[in-house]
Amino acid sequence: MSSDTPIDTAALLASLQERKQWVCWREEERDGKPTKIPVTPGTGAFASSTDPDTWDSFDTAIGYAGTKNADGVGFVLTDDDPIVGVDLDDCRDPETGEVDNIALNIIERLDSYTEISPSGTGYHVLITGELPDGRNRRGSIELYDTARFFTVTGDHVEETPTHVARRQDALVAIHREYLQDTDSDVKSQSGQLGAGDDQSATNGAVDVDLEDEELLEKAMNASNGSKFERLWNGNIAGYDSQSEADMALCCLLAFWTGGNHARVDQLFRHSGLLREKWDDVHYADGSTYGEKTIERAIANTSEFYDPDARDDSSKASSRQSESSVTSSGDEPAQNHAYLVEKNRLLTDRVDDLEATLKEKDERIDELEATNEALREQLSDCQEALERRDQSSNPEMDETGAADSDSIWGRARRFVGDNN
């Protein structure tokens, strides 16, 4: 949306217009990419989705966007309102209006107020409900309920309601289906439903039909059980980082679960190593740190526990599985696979640091924008004071040179020198 395309206020819900939770935004290029920067209606200073002092009424926001000092308006989601925003990116062809199947499925199931995003390549759906715990974004799908501003275009999708509907059940189902489950989970579940299919098709894995308690007991009583127990309890002694310990435990769990991705994830979440990073998106394809760790652990596990085989052979396989990719903590890493995996972990650490640096750079850009806005305000104040001085002192010439030795003249020179 731009100021040349005003919002159709009739299509926007009165319940949103009544709230003083509106900001404006303008598009700026950051790191070679167009970025929507939130600004305070009326002043143009940088706005924050967590600072109510930088928000204003709908009318004020619309009025400021109409002055061409901003490119559009946005609604700030907070803990004080029941609104959940569903952001569907890169799912619509702006030329043909064609929508991909996943986005269409989500829009139809939510059946609430939906509009086309400013770029024309996505959709924003507004509903009321409570956002489930867990990750809130995956790939091109994002869910937000607080500390976020949602651009509002008024470009309403005709087939959808003109009100914000409560869709808690649909929200929970979509959150579980599109943001929580993994491809491996789906494959595993479909494998369980298909007669004669393997539970996991990875590396010749087998079906391990054991209860969790029995499986964990076997793992802790194996020849490397003490190592398993230490990791299970969250003890990372002997490992260079927790990421290496995470991989070590996942490799052991991959062996004992027969390479079942979903079950490795389920068990890991009950271990002492679980941390918030597990569900953080770390990869361009939308995969989380936990998903990739499990995926790599299974891929690097060459043998799996077979409940029908002798215990001795299963313990030997367990030892081989762990040593193929991890350091045991009291044995040196002597094989190529371990070194490759360790190098990958270091690379991931570099990626994490680069992502953190990028966030800090964006924050610096925001502060610089705020600083620039303040400089402009200061400049306006200086000009106003100069005009007032000139009008009150007829003897001063147009350049103000006659008052160069006044207190104001010296202050003005000081400000200029420091800029």
# chains A, B, ... in the order shown; residues from 1 in each chain; ligands from 1

call {"tool": "residues_around", "arguments": {"residues": "Leu110 of chain A", "least_positions_apart": "3", "cutoff": "7 Å", "atoms": "only C-alpha atoms", "output": "list in words"}}
result
Ile106, Ile107, Arg167 and Ala170 of chain A

call {"tool": "write_last_selection", "arguments": {"atoms": "N, CA and C atoms", "output": "PDB file, in the first residue's frame"}}
result
ATOM      1  N   ILE A 106      -4.818 -22.857   4.628  1.00  0.00           N
ATOM      2  CA  ILE A 106      -4.810 -22.149   5.909  1.00  0.00           C
ATOM      3  C   ILE A 106      -5.876 -21.047   5.921  1.00  0.00           C
ATOM      4  N   ILE A 107      -5.973 -20.291   4.827  1.00  0.00           N
ATOM      5  CA  ILE A 107      -6.960 -19.206   4.752  1.00  0.00           C
ATOM      6  C   ILE A 107      -8.373 -19.757   4.870  1.00  0.00           C
ATOM      7  N   ARG A 167     -11.053 -18.467  16.130  1.00  0.00           N
ATOM      8  CA  ARG A 167     -10.766 -19.725  15.454  1.00  0.00           C
ATOM      9  C   ARG A 167      -9.700 -20.507  16.234  1.00  0.00           C
ATOM     10  N   ALA A 170      -8.987 -24.192  14.959  1.00  0.00           N
ATOM     11  CA  ALA A 170      -8.268 -24.182  13.686  1.00  0.00           C
ATOM     12  C   ALA A 170      -6.829 -23.708  13.884  1.00  0.00           C
TER      13      ALA A 170
END

call {"tool": "select_by_dssp", "arguments": {"residues": "segment 247-281 of chain A", "states": "alpha helix (DSSP H)", "output": "list in words"}}
result
Met247, Ala248, Leu249, Cys250, Cys251, Leu252, Leu253, Ala254, Phe255, Trp256, His261, Ala262, Arg263, Val264, Asp265, Gln266, Leu267 and Phe268 of chain A

call {"tool": "write_last_selection", "arguments": {"atoms": "all heavy atoms", "output": "compact mmCIF listing (two decimals), in the first residue's frame"}}
result
# COMPACT_ATOMS: atom_id res chain seq x y z
N MET A 247 24.33 -33.70 19.73
CA MET A 247 24.50 -34.65 18.63
C MET A 247 24.82 -36.04 19.15
O MET A 247 24.31 -37.05 18.63
CB MET A 247 25.62 -34.15 17.71
CG MET A 247 25.94 -35.11 16.57
SD MET A 247 24.54 -35.45 15.48
CE MET A 247 24.35 -33.86 14.69
N ALA A 248 25.64 -36.12 20.20
CA ALA A 248 25.99 -37.42 20.76
C ALA A 248 24.75 -38.15 21.28
O ALA A 248 24.55 -39.35 21.00
CB ALA A 248 27.00 -37.24 21.89
N LEU A 249 23.90 -37.43 22.03
CA LEU A 249 22.70 -38.06 22.56
C LEU A 249 21.75 -38.45 21.43
O LEU A 249 21.14 -39.53 21.46
CB LEU A 249 22.00 -37.13 23.54
CG LEU A 249 20.71 -37.68 24.17
CD1 LEU A 249 20.98 -38.99 24.90
CD2 LEU A 249 20.09 -36.66 25.12
N CYS A 250 21.63 -37.60 20.43
CA CYS A 250 20.74 -37.91 19.31
C CYS A 250 21.22 -39.14 18.53
O CYS A 250 20.40 -39.93 18.04
CB CYS A 250 20.62 -36.71 18.37
SG CYS A 250 19.56 -35.40 19.00
N CYS A 251 22.53 -39.29 18.41
CA CYS A 251 23.06 -40.48 17.74
C CYS A 251 22.71 -41.75 18.53
O CYS A 251 22.32 -42.77 17.95
CB CYS A 251 24.57 -40.36 17.58
SG CYS A 251 25.07 -39.17 16.32
N LEU A 252 22.85 -41.68 19.84
CA LEU A 252 22.49 -42.83 20.67
C LEU A 252 20.99 -43.11 20.59
O LEU A 252 20.57 -44.27 20.47
CB LEU A 252 22.90 -42.56 22.12
CG LEU A 252 24.42 -42.55 22.37
CD1 LEU A 252 24.73 -41.98 23.75
CD2 LEU A 252 25.00 -43.94 22.23
N LEU A 253 20.17 -42.05 20.64
CA LEU A 253 18.73 -42.23 20.55
C LEU A 253 18.33 -42.75 19.16
O LEU A 253 17.40 -43.55 19.03
CB LEU A 253 18.01 -40.91 20.83
CG LEU A 253 18.05 -40.42 22.28
CD1 LEU A 253 17.46 -39.02 22.39
CD2 LEU A 253 17.29 -41.38 23.20
N ALA A 254 19.05 -42.30 18.13
CA ALA A 254 18.77 -42.79 16.78
C ALA A 254 18.99 -44.30 16.71
O ALA A 254 18.19 -45.03 16.11
CB ALA A 254 19.67 -42.07 15.76
N PHE A 255 20.06 -44.78 17.35
CA PHE A 255 20.32 -46.22 17.37
C PHE A 255 19.21 -46.97 18.09
O PHE A 255 18.64 -47.94 17.58
CB PHE A 255 21.67 -46.49 18.05
CG PHE A 255 21.90 -47.95 18.34
CD1 PHE A 255 22.33 -48.81 17.35
CD2 PHE A 255 21.66 -48.46 19.62
CE1 PHE A 255 22.51 -50.15 17.62
CE2 PHE A 255 21.85 -49.80 19.89
CZ PHE A 255 22.28 -50.66 18.89
N TRP A 256 18.85 -46.51 19.28
CA TRP A 256 17.90 -47.25 20.11
C TRP A 256 16.46 -47.16 19.61
O TRP A 256 15.64 -48.02 19.91
CB TRP A 256 17.99 -46.77 21.56
CG TRP A 256 19.23 -47.25 22.25
CD1 TRP A 256 20.33 -46.52 22.56
CD2 TRP A 256 19.50 -48.58 22.68
NE1 TRP A 256 21.28 -47.30 23.17
CE2 TRP A 256 20.78 -48.58 23.25
CE3 TRP A 256 18.79 -49.78 22.64
CZ2 TRP A 256 21.38 -49.73 23.77
CZ3 TRP A 256 19.37 -50.92 23.16
CH2 TRP A 256 20.64 -50.90 23.72
N HIS A 261 12.69 -40.57 13.54
CA HIS A 261 12.90 -39.14 13.79
C HIS A 261 11.97 -38.59 14.87
O HIS A 261 12.40 -37.89 15.79
CB HIS A 261 12.69 -38.37 12.48
CG HIS A 261 13.09 -36.93 12.52
ND1 HIS A 261 12.43 -35.99 13.27
CD2 HIS A 261 14.11 -36.27 11.90
CE1 HIS A 261 13.00 -34.81 13.11
NE2 HIS A 261 14.02 -34.94 12.28
N ALA A 262 10.68 -38.92 14.75
CA ALA A 262 9.70 -38.38 15.69
C ALA A 262 9.98 -38.86 17.11
O ALA A 262 9.84 -38.11 18.08
CB ALA A 262 8.29 -38.78 15.27
N ARG A 263 10.39 -40.12 17.25
CA ARG A 263 10.62 -40.65 18.59
C ARG A 263 11.91 -40.12 19.20
O ARG A 263 11.97 -39.89 20.41
CB ARG A 263 10.65 -42.19 18.54
CG ARG A 263 10.45 -42.77 19.93
CD ARG A 263 10.24 -44.26 19.91
NE ARG A 263 9.91 -44.74 21.24
CZ ARG A 263 9.93 -46.01 21.60
NH1 ARG A 263 10.23 -46.95 20.71
NH2 ARG A 263 9.63 -46.36 22.84
N VAL A 264 12.93 -39.91 18.37
CA VAL A 264 14.15 -39.28 18.88
C VAL A 264 13.81 -37.90 19.45
O VAL A 264 14.25 -37.54 20.54
CB VAL A 264 15.21 -39.14 17.76
CG1 VAL A 264 16.40 -38.31 18.25
CG2 VAL A 264 15.70 -40.51 17.32
N ASP A 265 13.01 -37.13 18.71
CA ASP A 265 12.62 -35.80 19.17
C ASP A 265 11.83 -35.88 20.47
O ASP A 265 12.07 -35.12 21.41
CB ASP A 265 11.79 -35.12 18.08
CG ASP A 265 11.35 -33.71 18.48
OD1 ASP A 265 12.23 -32.83 18.60
OD2 ASP A 265 10.15 -33.50 18.68
N GLN A 266 10.89 -36.82 20.52
CA GLN A 266 10.05 -36.97 21.71
C GLN A 266 10.89 -37.30 22.94
O GLN A 266 10.71 -36.72 24.02
CB GLN A 266 9.02 -38.07 21.46
CG GLN A 266 8.18 -38.43 22.68
CD GLN A 266 7.33 -39.67 22.44
OE1 GLN A 266 7.06 -40.01 21.29
NE2 GLN A 266 6.95 -40.34 23.50
N LEU A 267 11.83 -38.22 22.79
CA LEU A 267 12.68 -38.62 23.92
C LEU A 267 13.63 -37.50 24.31
O LEU A 267 13.85 -37.23 25.50
CB LEU A 267 13.45 -39.89 23.58
CG LEU A 267 12.61 -41.17 23.52
CD1 LEU A 267 13.41 -42.32 22.91
CD2 LEU A 267 12.15 -41.56 24.93
N PHE A 268 14.24 -36.85 23.31
CA PHE A 268 15.20 -35.79 23.62
C PHE A 268 14.56 -34.69 24.46
O PHE A 268 15.20 -34.11 25.33
CB PHE A 268 15.77 -35.20 22.32
CG PHE A 268 16.91 -34.23 22.54
CD1 PHE A 268 18.22 -34.66 22.50
CD2 PHE A 268 16.67 -32.89 22.83
CE1 PHE A 268 19.27 -33.78 22.72
CE2 PHE A 268 17.71 -32.01 23.05
CZ PHE A 268 19.01 -32.46 23.00

call {"tool": "atom_distance", "arguments": {"atom1": "atom CA of Asp209 of chain A", "atom2": "atom CA of Asp306 of chain A"}}
result
9.8 Å

call {"tool": "atom_distance", "arguments": {"atom1": "atom CA of Val152 of chain A", "atom2": "atom CA of Asp169 of chain A"}}
result
24.8 Å

call {"tool": "residues_around", "arguments": {"residues": "segment 57-64 of chain A", "least_positions_apart": "5", "cutoff": "10 Å", "atoms": "only C-alpha atoms", "output": "PDB file with C-alpha atoms, in the first residue's frame"}}
result
ATOM      1  CA  SER A   3      -0.419   6.904   0.050  1.00  0.00           C
ATOM      2  CA  PRO A   6      -5.776   4.822   0.564  1.00  0.00           C
ATOM      3  CA  ILE A   7      -7.099   2.143   2.881  1.00  0.00           C
ATOM      4  CA  THR A   9     -11.720   1.971   6.036  1.00  0.00           C
ATOM      5  CA  LEU A  16      -9.317  -2.545  15.362  1.00  0.00           C
ATOM      6  CA  GLN A  17      -9.955   1.082  14.450  1.00  0.00           C
ATOM      7  CA  GLU A  18     -11.081   1.824  17.992  1.00  0.00           C
ATOM      8  CA  ARG A  19      -7.759   0.747  19.496  1.00  0.00           C
ATOM      9  CA  LYS A  20      -4.891   3.196  19.868  1.00  0.00           C
ATOM     10  CA  GLN A  21      -2.394   0.648  18.591  1.00  0.00           C
ATOM     11  CA  TRP A  22      -1.520   2.060  15.192  1.00  0.00           C
ATOM     12  CA  VAL A  23       1.801   3.017  13.663  1.00  0.00           C
ATOM     13  CA  CYS A  24       2.915   4.020  10.188  1.00  0.00           C
ATOM     14  CA  TRP A  25       5.707   2.447   8.197  1.00  0.00           C
ATOM     15  CA  VAL A  39       7.416   5.141  12.450  1.00  0.00           C
ATOM     16  CA  THR A  40       5.322   7.184  14.861  1.00  0.00           C
ATOM     17  CA  PRO A  41       2.278   8.815  13.226  1.00  0.00           C
ATOM     18  CA  GLY A  42       2.668  12.567  13.091  1.00  0.00           C
ATOM     19  CA  THR A  43       6.388  12.778  13.867  1.00  0.00           C
ATOM     20  CA  GLY A  44       8.032  10.211  11.630  1.00  0.00           C
ATOM     21  CA  ASN A  69       5.719  10.811   4.774  1.00  0.00           C
ATOM     22  CA  ALA A  70       4.968   7.103   5.194  1.00  0.00           C
ATOM     23  CA  ASP A  71       4.121   4.226   2.877  1.00  0.00           C
ATOM     24  CA  GLY A  72       1.371   2.665   4.960  1.00  0.00           C
ATOM     25  CA  VAL A  73      -0.052   1.865   8.381  1.00  0.00           C
ATOM     26  CA  GLY A  74       0.231  -1.069  10.730  1.00  0.00           C
ATOM     27  CA  PHE A  75      -1.572  -2.475  13.762  1.00  0.00           C
TER      28      PHE A  75
END

call {"tool": "closest_residue", "arguments": {"among": "A:Asp145, A:Gly129, A:Asn105, A:Gly122", "to": "Asp79 of chain A", "atoms": "only C-alpha atoms"}}
result
A:Asp145
